[in-house]
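Next up, final.cif (mmCIF, C-alpha atoms and all ligand atoms):
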```cif
data_data
loop_
_atom_site.label_atom_id
_atom_site.label_comp_id
_atom_site.auth_asym_id
_atom_site.auth_seq_id
_atom_site.Cartn_x
_atom_site.Cartn_y
_atom_site.Cartn_z
CA MET Q 64 45.22 -63.22 10.53
CA ARG Q 65 47.72 -65.10 12.58
CA LEU Q 66 47.40 -68.85 13.05
CA LEU Q 67 49.26 -71.47 15.04
CA LEU Q 68 49.91 -74.75 13.26
CA VAL Q 69 50.71 -77.71 15.52
CA GLU Q 70 51.95 -80.60 13.39
CA ASP Q 71 54.84 -83.03 13.84
CA ASP Q 72 54.78 -84.37 10.29
CA LEU Q 73 57.35 -82.21 8.51
CA MET Q 74 55.93 -82.65 5.03
CA VAL Q 75 52.37 -81.87 6.06
CA GLY Q 76 53.51 -78.96 8.23
CA GLU Q 77 55.63 -77.41 5.50
CA ALA Q 78 52.88 -77.75 2.90
CA VAL Q 79 50.19 -76.29 5.16
CA ARG Q 80 52.37 -73.38 6.24
CA LYS Q 81 53.38 -72.58 2.68
CA GLY Q 82 49.81 -72.84 1.37
CA LEU Q 83 48.28 -70.69 4.08
CA ARG Q 84 50.97 -68.07 3.74
CA LEU Q 85 50.18 -67.79 0.05
CA ASP Q 86 46.60 -67.28 1.12
CA GLY Q 87 47.67 -64.29 3.22
CA PHE Q 88 47.77 -65.83 6.70
CA ALA Q 89 50.68 -65.34 9.08
CA VAL Q 90 51.49 -68.87 10.26
CA ASP Q 91 53.61 -69.97 13.23
CA TRP Q 92 54.46 -73.65 13.30
CA VAL Q 93 55.34 -75.83 16.30
CA GLN Q 94 55.86 -79.58 16.30
CA ASP Q 95 54.83 -80.85 19.72
CA GLY Q 96 52.07 -80.36 22.25
CA LYS Q 97 54.19 -78.61 24.88
CA ALA Q 98 55.50 -76.06 22.38
CA ALA Q 99 51.90 -75.45 21.31
CA GLU Q 100 50.91 -74.55 24.86
CA VAL Q 101 53.84 -72.19 25.22
CA ALA Q 102 53.03 -70.49 21.91
CA VAL Q 103 49.32 -70.08 22.70
CA ALA Q 104 50.20 -68.56 26.07
CA GLN Q 105 52.56 -66.05 24.46
CA GLU Q 106 50.83 -64.98 21.26
CA ASP Q 107 47.36 -63.86 20.36
CA TYR Q 108 46.32 -66.34 17.65
CA GLU Q 109 43.08 -66.18 15.74
CA LEU Q 110 42.94 -69.93 15.18
CA LEU Q 111 44.68 -73.17 16.08
CA LEU Q 112 45.31 -75.98 13.58
CA LEU Q 113 45.91 -79.00 15.77
CA ASP Q 114 47.21 -82.45 14.92
CA LEU Q 115 46.12 -85.09 17.47
CA GLY Q 116 49.07 -87.50 17.45
CA LEU Q 117 51.87 -85.26 18.79
CA PRO Q 118 55.09 -85.77 20.78
CA LYS Q 119 55.33 -84.61 24.43
CA LYS Q 120 51.61 -83.94 24.84
CA ASN Q 121 48.92 -85.20 22.51
CA GLY Q 122 46.57 -82.85 20.73
CA LEU Q 123 43.49 -83.93 22.63
CA ASP Q 124 45.15 -83.08 25.96
CA VAL Q 125 46.39 -79.74 24.60
CA LEU Q 126 42.83 -78.95 23.56
CA LYS Q 127 41.34 -80.04 26.88
CA SER Q 128 43.72 -77.90 28.93
CA LEU Q 129 43.12 -74.90 26.65
CA ARG Q 130 39.38 -75.14 27.14
CA ALA Q 131 39.81 -75.83 30.87
CA ARG Q 132 41.63 -72.48 31.07
CA GLY Q 133 38.75 -70.77 29.31
CA SER Q 134 40.39 -70.23 25.92
CA GLN Q 135 37.85 -69.41 23.20
CA ILE Q 136 40.28 -69.80 20.31
CA PRO Q 137 38.74 -71.64 17.34
CA VAL Q 138 40.38 -75.05 16.96
CA LEU Q 139 40.46 -77.11 13.79
CA ILE Q 140 41.75 -80.65 14.26
CA LEU Q 141 43.99 -82.10 11.58
CA THR Q 142 44.30 -85.80 11.96
CA ALA Q 143 45.41 -88.90 10.14
CA ARG Q 144 43.40 -91.03 12.49
CA ASP Q 145 40.28 -92.06 10.72
CA ALA Q 146 38.69 -93.63 13.78
CA ILE Q 147 35.36 -92.00 14.43
CA ALA Q 148 36.01 -92.14 18.19
CA ASP Q 149 38.98 -89.73 17.89
CA ARG Q 150 37.00 -87.17 15.97
CA VAL Q 151 34.11 -87.39 18.39
CA ALA Q 152 36.49 -87.03 21.34
CA GLY Q 153 38.09 -83.99 19.69
CA LEU Q 154 34.79 -82.27 19.00
CA ASP Q 155 33.52 -83.08 22.48
CA ALA Q 156 36.73 -81.70 23.99
CA GLY Q 157 36.01 -78.34 22.36
CA ALA Q 158 37.29 -78.53 18.79
CA ASP Q 159 35.20 -76.57 16.29
CA ASP Q 160 35.84 -78.63 13.19
CA TYR Q 161 38.17 -81.29 11.84
CA LEU Q 162 39.86 -82.40 8.62
CA ILE Q 163 41.13 -85.88 7.90
CA LYS Q 164 44.54 -86.17 6.28
CA PRO Q 165 45.28 -86.09 3.48
CA PHE Q 166 43.23 -82.96 2.90
CA ASP Q 167 43.05 -80.38 0.19
CA LEU Q 168 44.62 -76.99 1.03
CA GLU Q 169 41.75 -75.13 -0.56
CA GLU Q 170 39.29 -76.96 1.65
CA LEU Q 171 41.45 -76.22 4.69
CA ALA Q 172 41.50 -72.50 3.84
CA ALA Q 173 37.72 -72.49 3.32
CA ARG Q 174 37.11 -74.17 6.68
CA ILE Q 175 39.44 -71.67 8.37
CA ARG Q 176 37.47 -68.81 6.83
CA ALA Q 177 34.22 -70.38 8.01
CA LEU Q 178 35.52 -70.73 11.58
CA LEU Q 179 36.83 -67.17 11.66
CA ARG Q 180 33.50 -65.96 10.34
CA ARG Q 181 31.63 -67.79 13.07
CA GLN Q 182 34.08 -66.52 15.68
CA SER Q 183 33.41 -62.92 14.69
CA GLY Q 184 29.65 -63.49 14.70
CA ARG Q 185 29.14 -63.12 10.97
CA ALA Q 186 27.21 -65.40 8.66
CA ASP Q 187 27.86 -63.40 5.50
CA PRO Q 188 31.19 -64.43 3.94
CA VAL Q 189 31.78 -60.88 2.67
CA ILE Q 190 32.81 -58.32 5.27
CA GLU Q 191 31.07 -54.99 4.80
CA VAL Q 192 31.90 -51.74 6.58
CA GLY Q 193 30.21 -48.67 5.20
CA GLN Q 194 30.87 -48.44 1.46
CA LEU Q 195 33.69 -50.95 1.63
CA THR Q 196 33.45 -54.72 1.11
CA LEU Q 197 36.17 -57.31 1.58
CA ASN Q 198 35.87 -60.90 0.47
CA PRO Q 199 38.28 -63.13 2.44
CA ALA Q 200 37.90 -66.00 -0.04
CA THR Q 201 38.65 -64.11 -3.26
CA HIS Q 202 40.69 -61.28 -1.67
CA GLU Q 203 38.47 -58.86 -3.55
CA VAL Q 204 38.11 -55.41 -2.01
CA ARG Q 205 35.52 -52.99 -3.34
CA LEU Q 206 34.88 -49.38 -2.50
CA GLU Q 207 31.44 -48.21 -3.64
CA GLY Q 208 31.38 -51.18 -5.97
CA CYS Q 209 34.76 -50.47 -7.59
CA GLU Q 210 37.53 -52.99 -7.19
CA ILE Q 211 40.58 -51.74 -5.30
CA ASN Q 212 43.90 -53.50 -5.85
CA LEU Q 213 45.80 -54.18 -2.65
CA SER Q 214 49.06 -55.97 -1.97
CA ALA Q 215 48.91 -59.07 0.26
CA ARG Q 216 50.08 -57.11 3.31
CA GLU Q 217 47.75 -54.19 2.65
CA PHE Q 218 44.90 -56.70 2.39
CA ALA Q 219 45.90 -58.40 5.65
CA LEU Q 220 46.10 -55.06 7.43
CA LEU Q 221 42.72 -53.92 6.11
CA ARG Q 222 41.24 -57.24 7.14
CA ALA Q 223 42.54 -56.79 10.69
CA PHE Q 224 40.76 -53.43 10.88
CA LEU Q 225 37.52 -54.63 9.32
CA ASP Q 226 37.33 -57.63 11.65
CA ARG Q 227 37.07 -55.23 14.56
CA PRO Q 228 35.64 -51.96 13.29
CA GLY Q 229 35.58 -49.33 16.01
CA ALA Q 230 38.44 -50.98 17.91
CA VAL Q 231 41.74 -49.18 18.34
CA LEU Q 232 44.65 -51.38 17.27
CA SER Q 233 48.18 -50.57 18.34
CA ARG Q 234 51.11 -50.82 16.00
CA ALA Q 235 52.34 -53.87 17.95
CA GLN Q 236 48.95 -55.58 17.64
CA LEU Q 237 48.91 -54.94 13.90
CA GLU Q 238 52.45 -56.25 13.52
CA GLU Q 239 51.42 -59.40 15.40
CA LYS Q 240 48.58 -59.98 12.97
CA LEU Q 241 50.75 -59.46 9.90
CA TYR Q 242 53.89 -61.34 10.80
CA GLY Q 243 54.75 -64.81 12.03
CA TRP Q 244 57.97 -65.70 13.88
CA ASP Q 245 59.89 -66.41 10.71
CA ASP Q 246 58.88 -63.27 8.87
CA SER Q 247 61.24 -60.33 9.03
CA ILE Q 248 59.45 -57.14 9.99
CA GLU Q 249 60.57 -54.08 8.10
CA SER Q 250 60.77 -51.04 10.38
CA ASN Q 251 57.82 -48.67 9.96
CA ALA Q 252 56.08 -51.37 7.93
CA VAL Q 253 52.71 -50.76 9.55
CA GLU Q 254 52.93 -47.02 8.91
CA VAL Q 255 53.91 -47.66 5.30
CA TYR Q 256 50.93 -49.95 4.70
CA ILE Q 257 48.55 -47.59 6.45
CA HIS Q 258 49.79 -44.79 4.24
CA ALA Q 259 49.17 -46.95 1.17
CA LEU Q 260 45.66 -47.90 2.35
CA ARG Q 261 44.78 -44.26 2.96
CA LYS Q 262 45.90 -43.39 -0.53
CA LYS Q 263 43.66 -46.07 -1.99
CA LEU Q 264 40.67 -45.80 0.36
CA GLY Q 265 40.66 -42.16 1.39
CA SER Q 266 42.78 -40.26 3.87
CA ASP Q 267 40.12 -40.40 6.61
CA PHE Q 268 39.52 -44.10 6.34
CA ILE Q 269 42.03 -45.13 9.00
CA LYS Q 270 42.12 -42.74 11.92
CA ASN Q 271 45.09 -42.06 14.17
CA VAL Q 272 44.26 -42.38 17.83
CA ARG Q 273 46.99 -40.36 19.43
CA GLY Q 274 49.35 -42.38 21.58
CA VAL Q 275 47.31 -45.56 21.21
CA GLY Q 276 47.12 -46.67 17.60
CA TYR Q 277 44.76 -46.73 14.68
CA MET Q 278 41.13 -47.48 14.02
CA VAL Q 279 38.50 -47.78 11.32
CA ALA Q 280 35.14 -46.33 12.38
CA LYS Q 281 32.30 -48.81 12.80
CA THR Q 282 30.13 -47.21 10.18
CA VAL Q 283 32.31 -45.50 7.70
CA ALA Q 284 30.57 -42.54 6.16
CA LYS Q 285 30.79 -42.17 2.42
CA VAL Q 286 34.47 -42.40 1.73
CA VAL Q 287 36.06 -39.91 -0.64
CA PRO Q 288 39.35 -41.31 -1.81
CA ASP Q 289 42.25 -38.99 -2.59
CA ALA Q 290 42.59 -40.46 -6.00
CA VAL Q 291 39.25 -41.59 -7.38
CA PRO Q 292 39.79 -44.71 -9.50
CA ASP Q 293 38.50 -44.71 -13.05
CA GLY Q 294 35.02 -46.00 -13.60
CA VAL Q 295 33.52 -45.15 -10.22
CA PRO Q 296 29.79 -45.60 -10.70
CA LYS Q 297 27.87 -42.42 -9.95
CA CA F 1 51.12 -86.44 14.16
#
```
Would you kindly transcribe this structure into structure tokens?
Ligand code: CA
Amino acid sequence: MRLLLVEDDLMVGEAVRKGLRLDGFAVDWVQDGKAAEVAVAQEDYELLLLDLGLPKKNGLDVLKSLRARGSQIPVLILTARDAIADRVAGLDAGADDYLIKPFDLEELAARIRALLRRQSGRADPVIEVGQLTLNPATHEVRLEGCEINLSAREFALLRAFLDRPGAVLSRAQLEEKLYGWDDSIESNAVEVYIHALRKKLGSDFIKNVRGVGYMVAKTVAKVVPDAVPDGVPK
């Protein structure tokens, strides 16, 4: 899950970026409206966190031009302005939700999850594909009811697949979802994490699509992991 944070307040920006990273999001951060437009044009973000009072181009204008160009990206407004008129203008310009500063990071993360859920057409907070469930709020992953322990990156990768079951994702697309600008990408990282996921979830779980990338089937048949964890209910 890769997000763009647009915030010119350094303390707020740093805290939000740090908090969301701990929550497993890849976060790119820009500090003015023009830079936000450049970033959105270049990268494929899942969500935009947008301050309204910004240098160079204010948040409301950034939002308006995004929507005028047909962008469907979910937008959550972060604003210190407590005037009702600003929030109404933001929502009417195409924002999906807003938070008034100062806000709690846990609430921000919960609202982000809700927006991403809505964006992918789900109402159920737990993602379910075949015998596998993934809870974005608790980071709990279960295979046939048994909890599977995943590292943060393995979780993020699995989430990218489960958000679009049946879609083929290239290595570059997966890297984009896992890493922000400031993260260093280890070479072969995606392959390494896919290998680890196959070990934990079954070798057939993630399929190679020759020359294109990887995919998880829409309805995963009963998965037989290589190493069956203890305590699998029969
Ligand atoms: Ca500001």
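Minimum atom-to-atom distance to Val79 (chain Q), evaluated using only C-alpha atoms, belongs to Q:Leu168 out of Q:Val93, Q:Ala158, Q:Val151, Q:Leu168.
Distances here use all atoms listed in the file; by that measure, the residue among Q:Thr201, Q:Val231, Q:Gln94, Q:Leu195 closest to Phe268 (chain Q) is Q:Leu195.
Among all protein and nucleic acid residues, the ones that lie within 10 Å of ligand CA 1 (chain F) when counting only C-alpha atoms and all ligand atoms are Val69, Glu70, Asp71, Asp72, Leu73, Val75, Gly76, Gln94, Asp95, Leu113, Asp114, Leu115, Gly116, Leu117, Pro118, Asn121, Gly122, Leu141, Thr142, Ala143 and Arg144 of chain Q.
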Would you put the residues from that selection into a file with C-alpha atoms, as a short mmCIF file (atom, residue, chain, number, x, y, z; two decimals), keeping the file's coordinate frame?
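Produced file selection_18.cif, reproduced below:
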```cif
data_model
loop_
_atom_site.label_atom_id
_atom_site.label_comp_id
_atom_site.auth_asym_id
_atom_site.auth_seq_id
_atom_site.Cartn_x
_atom_site.Cartn_y
_atom_site.Cartn_z
CA VAL Q 69 50.71 -77.71 15.52
CA GLU Q 70 51.95 -80.60 13.39
CA ASP Q 71 54.84 -83.03 13.84
CA ASP Q 72 54.78 -84.37 10.29
CA LEU Q 73 57.35 -82.21 8.51
CA VAL Q 75 52.37 -81.87 6.06
CA GLY Q 76 53.51 -78.96 8.23
CA GLN Q 94 55.86 -79.58 16.30
CA ASP Q 95 54.83 -80.85 19.72
CA LEU Q 113 45.91 -79.00 15.77
CA ASP Q 114 47.21 -82.45 14.92
CA LEU Q 115 46.12 -85.09 17.47
CA GLY Q 116 49.07 -87.50 17.45
CA LEU Q 117 51.87 -85.26 18.79
CA PRO Q 118 55.09 -85.77 20.78
CA ASN Q 121 48.92 -85.20 22.51
CA GLY Q 122 46.57 -82.85 20.73
CA LEU Q 141 43.99 -82.10 11.58
CA THR Q 142 44.30 -85.80 11.96
CA ALA Q 143 45.41 -88.90 10.14
CA ARG Q 144 43.40 -91.03 12.49
#
```
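Nearest to Glu254 (chain Q) of all the residues Q:Ala89, Q:Leu220, Q:Leu179, Q:Ala99 is Q:Leu220, counting all atoms listed in the file.
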> Suppose you want the space between CA of Pro188 (chain Q) and CA of Ala173 (chain Q); what is it in Å?
Replying inline: 10.4 Å
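Of note, CA of Leu68 (chain Q) and CA of Leu139 (chain Q) are spaced 9.8 Å apart.
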> Quick one: distance from CA of Lys127 (chain Q) to CA of Ala98 (chain Q) in Å, one decimal?
Replying inline: 15.4 Å
>> Calculated over all atoms listed in the file, which of the candidates Q:Arg234, Q:Arg65, Q:Lys119, Q:Lys262 has the smallest distance to Ile175 (chain Q)?
In response: Q:Arg65
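Nearest residue to Leu129 (chain Q) among Q:Asp226, Q:Asp159, Q:Asp86, Q:Glu100 is Q:Glu100, counting only C-alpha atoms.
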> For Leu85 (chain Q), which of Q:Leu112, Q:Arg185, Q:Val279, Q:Ala215 is the closest residue, counting all atoms listed in the file?
Replying inline: Q:Ala215
>> Give me the residues near Ser233 (chain Q) as a ChimeraX atom specification, where near means some atom within 12 Å (using only C-alpha atoms) and where sequence neighbours in that chain fewer than 6 positions away do not count.
In response: /Q:220,223-224,239-240,253-254,270-278
>> Give me the residues near Leu67 (chain Q) as JSON, numbers by chain, where near means some atom within 6 Å (using all atoms listed in the file) and where sequence neighbours in that chain fewer than 3 positions away do not count.
In response: {"Q": [90, 91, 92, 111]}
